[in-house]
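**Q** Mind having a look at this structure? Questions to follow.
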Number of protein chains: 2
Amino acid sequence: MNGAESLLRTAAAAGVDVCFANPGTTEMPMVLALERVPEIRPVLCLFEGVCTGAADGYGRMAGKPALTLLHLGPGFANGIAYLHDARRARSPIVNLIGEHATWHIAADAPLNSDIESLARPVSAWLRRNVSSQTLARDAAEAVAAANISPGQIATLIIPHDCQIEDSAGAAAPLAPATPPSPPADAIRRAAELLREAAHPALFLGGLALTARSLAAAARIRSSTDCRLICETFPKRLERGSGLPVVERLPYFPEPAMSMLAAHDAIVLAGAREPVSFFGYPGLPSYFIRTETAKHTLAGPQEDVEAALEALADEIRKPDDVQRRDDAKRPERPSGAITLESFGAAIASVQSENVIVMDEGNTSSFYYFGLAAGAPRFTHLAQPGGAIGLGMPVATGAAVAAPDRTVINLQADGSAMYTIQALWTQAREGLKIKTVLCNNGGYRVLGVEMQRAGVREFSPRLQSLIGLVDPKPDWVKLAGGMGVPAERVERAEDLAAALERSLDEPGPYFIEAIFS
Amino acid sequence: MNGAESLLRTAAAAGVDVCFANPGTTEMPMVLALERVPEIRPVLCLFEGVCTGAADGYGRMAGKPALTLLHLGPGFANGIAYLHDARRARSPIVNLIGEHATWHIAADAPLNSDIESLARPVSAWLRRNVSSQTLARDAAEAVAAANISPGQIATLIIPHDCQIEDSAGAAAPLAPATPPSPPADAIRRAAELLREAAHPALFLGGLALTARSLAAAARIRSSTDCRLICETFPKRLERGSGLPVVERLPYFPEPAMSMLAAHDAIVLAGAREPVSFFGYPGLPSYFIRTETAKHTLAGPQEDVEAALEALADEIRKPDDVQRRDDAKRPERPSGAITLESFGAAIASVQSENVIVMDEGNTSSFYYFGLAAGAPRFTHLAQPGGAIGLGMPVATGAAVAAPDRTVINLQADGSAMYTIQALWTQAREGLKIKTVLCNNGGYRVLGVEMQRAGVREFSPRLQSLIGLVDPKPDWVKLAGGMGVPAERVERAEDLAAALERSLDEPGPYFIEAIFS
């Protein structure tokens, strides 16, 4: 058994079953080894950002890492943006990078570069394998590192000769690390604050947004009347009927600060203290006022689910009656597609158990609130802010959850970054329904310009934020990638098209023209 | 004048006139400043790799840097792969990265990351601006660094607050650095070797492939009967009628070593010693045998044009008669599209003064040799090996040379990486004729697998190297990006379609189906 096979067998033994691949020459031994390790399903992506974004989506839904298979420094570089997102999402991922043979590095061949320097900013664990004999052990450690709760990025650089030389066989999986429990003091202090404050809030992120965590949060709310707020861009949030309504922290500083200023005590669970996405002149970085009592129940890497349950137990009144949220589902809209009718169209027809990847950006502004009353579903967002991850994350989520339908709300500006993901969706027959929000440009940049005081947009400025001249023909683009597509210009047609597509097999693409 | 405007005015004063942009919020002050610096033409690209690849193409043709405008770490990361290529091409580029405000960095906002670690592997010059007052000076130094012959990549990281605060105005351009002349000894030794060897060769790269250098090389060949060989993937090579025929070093080690083994003396001019693209077991990294006399006339960063002229003067016999190459142009082919007929179709119709970007990879195997007798033209290749740069480089070349037609020979596997470049070609009305070589996959990986001993391709293996199931519809994809397109399946139709398109304005796209 060569090094490459020992690596893949080790990964498979540790529970890895998918590899998102865009391989080149230095990864060929690993590609060939995939032949002999049928437990791992290779998924070809036509751009590396699709591989890494898909691994992020897979990790969020499966709770375990997929492999990516990437070609040297430049191939890895194409995957960095969505590894950045995955790092912020704390998704488990194991990157495998084929490197030049050890003896060939000194020749500085054209594709040679400093891979470590590229990988370090996005990798919690980073290693260069030095021998086929230790490759299995390196693989076991990489998977274990990726599995450190809630998830991390592990990157293993593997020289070509170490892949092809003899190994000592597969290595046994390492025991999974248990996430540290928050200290009892942290729970007591949280209970105290929530009980004593006039207007307490629980600020939830990461694993505080699982169904288990939310059940505990609902109990806490029952006893303390605290407000439930989540991060602006949650990694994964369970939503809909039967779950407590969680409000989302607004994106821009003014409304975010105003929301938080209404509370005299804020308990953080699974989330870092919220900060401004960008630094705006005259506005602070941190959103919670200094006079607000602020306390961390459990950090993102602690056992936040257990901590919320312990907190719920700690503060429960004996005669506790659970409040139930009765969020209403919106009516099916009709007329022009606006921010409101767009949100209503999706929320009114999305079926039970769907996964919604929301990269609608400005276009899905109203959707989040309107979907609170939809049947139970999973909401995914972009915690790292690198746009274009919607299609890849949807791809990986669908691979991880083949029995569920994925709805990808996709802004048009962002859609162009990794449109190649559609091809993989077609190749794999993934049940992903993309709703492309065509508003003709990078709308958020227009908003930012207005914030910066620009009142009039010259043609030159307009040209830098507009996807016009020419307008992309999204139906052709999707069709060219092998995904059937249609265009709708009215909200009722959008709702009907989405509803019709939900139960059909395979991917579908709906271009929604905003008025 | 704020920092952003001082930066752009400084760049404009130093001769910069194009900015390939994919900006986000932290670059807004620079976008707004572009309004006030009309000397710099902004070109919007819908993916950062298009920006950097276009800047590479622009730099190769214009001999001076364009700006790129990229968003934070993740945006820059998307541009790294083609900066890697540009670094190997030694193209001049100035990257501008908008960074979070200095006071906001500590908050570690979602898009915050270690930009320096990402930028270092591809940047010869790298600086983080610390004040609006020094931004103009930093810009002047960045342009000067990029202009160090033959070209370098300079990366300037600019915090948002430094862009918006007051500056002291534009800075004067710095005096350009003169490339060092090779020592007289290097020229004398080269002359000695070429005169005394039985079978001498000149190995040319970088600036040794300009028209001026090639004129000198022709004189040297007249006197010494040396063979002219160029790098496998030249940055820019002047070719066709009136210029000496330069043979290209083969890609794979065996034919490359065999070509070089025929020579007892090899003089390197503007090129590094050739090494294997990948390290193959049992084959060496370096192609020139130790028993061959090897000498560097001038390194890539020395004044190689002057060195070749000095060498030509040194070895010229008094009765020198210049040999003229009479390479024949191929006949217009007909029949199925094969490697041979593809090459002949392009070479038989390409018009005078075209720029050919050759990212045909395996598909353009025969084209290079067949094009030796074409009318005078410029050939561009991919010195860094990061595939997908064809469309972006063609885009930048067309911006730099608006009076010339660009033909982009584009492999299908590679085409998918940065297909968004087509939109910019349509937006800017660039005269680029893309010939998409559809052979249904990453053919080179099939070749590599055969080299690795694989005789039979299982469906699983085949699926990892094939762009099939589904086949992309390239005509739809190009049309979706706004570029008119057609599909051809016969060599005569390919030749006719290309010929017809050459004089038409704007971009065109021809999908050539290989048999």
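Each chain in the structure tokens gets a letter, A, B and so on, in the order shown; residues start at 1 in every chain, and ligands are counted from 1 in the order they appear.
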Which residues in region 46-112 of chain A does DSSP call strand (DSSP E)? List them as a list in words.
**A**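 Selection result, strand (DSSP E) within region 46-112 of chain A: Ala66, Leu67, Thr68, Leu69, Leu70, His71, Ile93, Val94, Asn95, Leu96, Ile97, Gly98 and Glu99 of chain A.
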**Q** Please list as a ChimeraX atom specification every residue within 9 Å of region 49-64 of chain A, counting only C-alpha atoms and excluding residues in the same chain fewer than 4 positions away.
**A** /A:15-16,18-22,43-45,68-70,76-83,85-87,89-95,143,146-147,150-151,235-236,380,388-401,417-421,424 /B:78
**Q** Within region 394-483 of chain A, find each residue whose DSSP state, derived from the backbone, is alpha helix (DSSP H), and express the selection as a VMD selection string.
**A** chain A and resid 394 to 400 412 to 415 421 to 427 443 to 451 459 to 465 474 to 480
**Q** So that I can check the surroundings of Val304 (chain A), please list as a list in words every protein, DNA and RNA residue that reaches within 10 Å of it, counting only C-alpha atoms and ignoring chain neighbours fewer than 5 positions away.
**A**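 Selected residues are Pro150, Pro179, Pro180, Ser181, Pro182, Leu204, Gly205, Gly206, Leu207, Ala208, Leu209, Thr210, Ser213, Ala269, Gly270, Ala271, Leu297, Ala298, Gly299, Glu309 and Ala310 of chain A.
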**Q** Store the residues picked out above in a file with C-alpha atoms, as a PDB file, in the first residue's frame.
**A**
ATOM      1  CA  PRO A 150     -17.289  22.663  16.550  1.00  0.00           C
ATOM      2  CA  PRO A 179     -15.280  20.143  23.898  1.00  0.00           C
ATOM      3  CA  PRO A 180     -14.498  21.734  27.256  1.00  0.00           C
ATOM      4  CA  SER A 181     -17.508  22.388  29.489  1.00  0.00           C
ATOM      5  CA  PRO A 182     -17.847  25.966  30.609  1.00  0.00           C
ATOM      6  CA  LEU A 204     -26.553  33.089  20.208  1.00  0.00           C
ATOM      7  CA  GLY A 205     -24.086  31.828  17.643  1.00  0.00           C
ATOM      8  CA  GLY A 206     -22.383  28.653  16.430  1.00  0.00           C
ATOM      9  CA  LEU A 207     -23.675  25.572  18.231  1.00  0.00           C
ATOM     10  CA  ALA A 208     -26.111  27.670  20.280  1.00  0.00           C
ATOM     11  CA  LEU A 209     -28.370  27.573  17.218  1.00  0.00           C
ATOM     12  CA  THR A 210     -28.886  23.800  17.008  1.00  0.00           C
ATOM     13  CA  SER A 213     -29.619  24.511  22.059  1.00  0.00           C
ATOM     14  CA  ALA A 269     -23.560  31.700  24.011  1.00  0.00           C
ATOM     15  CA  GLY A 270     -21.466  30.134  21.277  1.00  0.00           C
ATOM     16  CA  ALA A 271     -20.838  33.569  19.824  1.00  0.00           C
ATOM     17  CA  LEU A 297     -21.890  31.610  29.067  1.00  0.00           C
ATOM     18  CA  ALA A 298     -19.858  29.485  26.668  1.00  0.00           C
ATOM     19  CA  GLY A 299     -17.424  30.391  23.924  1.00  0.00           C
ATOM     20  CA  GLU A 309     -29.204  23.101  29.143  1.00  0.00           C
ATOM     21  CA  ALA A 310     -27.411  23.591  32.447  1.00  0.00           C
TER      22      ALA A 310
END
**Q** Applying 12 Å and only C-alpha atoms, which residues near Asp503 (chain B) remain after dropping the ones on its own chain fewer than 5 positions away? List them as number ranges by chain.
**A** B: 349-354, 403-407, 431-433, 497-498, 508
**Q** List the spatial neighbours of Ala186 (chain B) as an MDAnalysis selection string - criterion: any atom at most 9 Å away, only C-alpha atoms, same-chain residues fewer than 2 positions off excluded.
**A** chainID B and resid 182:184 188:191 295:298 307
**Q** In Å, rounded to a single decimal, give me how far CA of Pro253 (chain A) is from CA of Ile288 (chain A).
**A** 10.6 Å
**Q** Have a look at CA of Ser334 (chain B) and CA of Lys476 (chain B) and let me know their distance in Å, one decimal.
**A**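 Between CA of Ser334 (chain B) and CA of Lys476 (chain B) the gap works out to 25.8 Å.
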**Q** Using only C-alpha atoms, determine which residues lie at most 12 Å from Ala217 (chain A), disregarding the query and same-chain residues fewer than 2 positions distant; provide the list as a count of residues only.
**A** 48
**Q** Record the distance separating CA of Leu339 (chain A) and CA of Ala372 (chain A), expressed in Å with one decimal.
**A**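 Value for the CA of Leu339 (chain A)-CA of Ala372 (chain A) distance: 16.3 Å.
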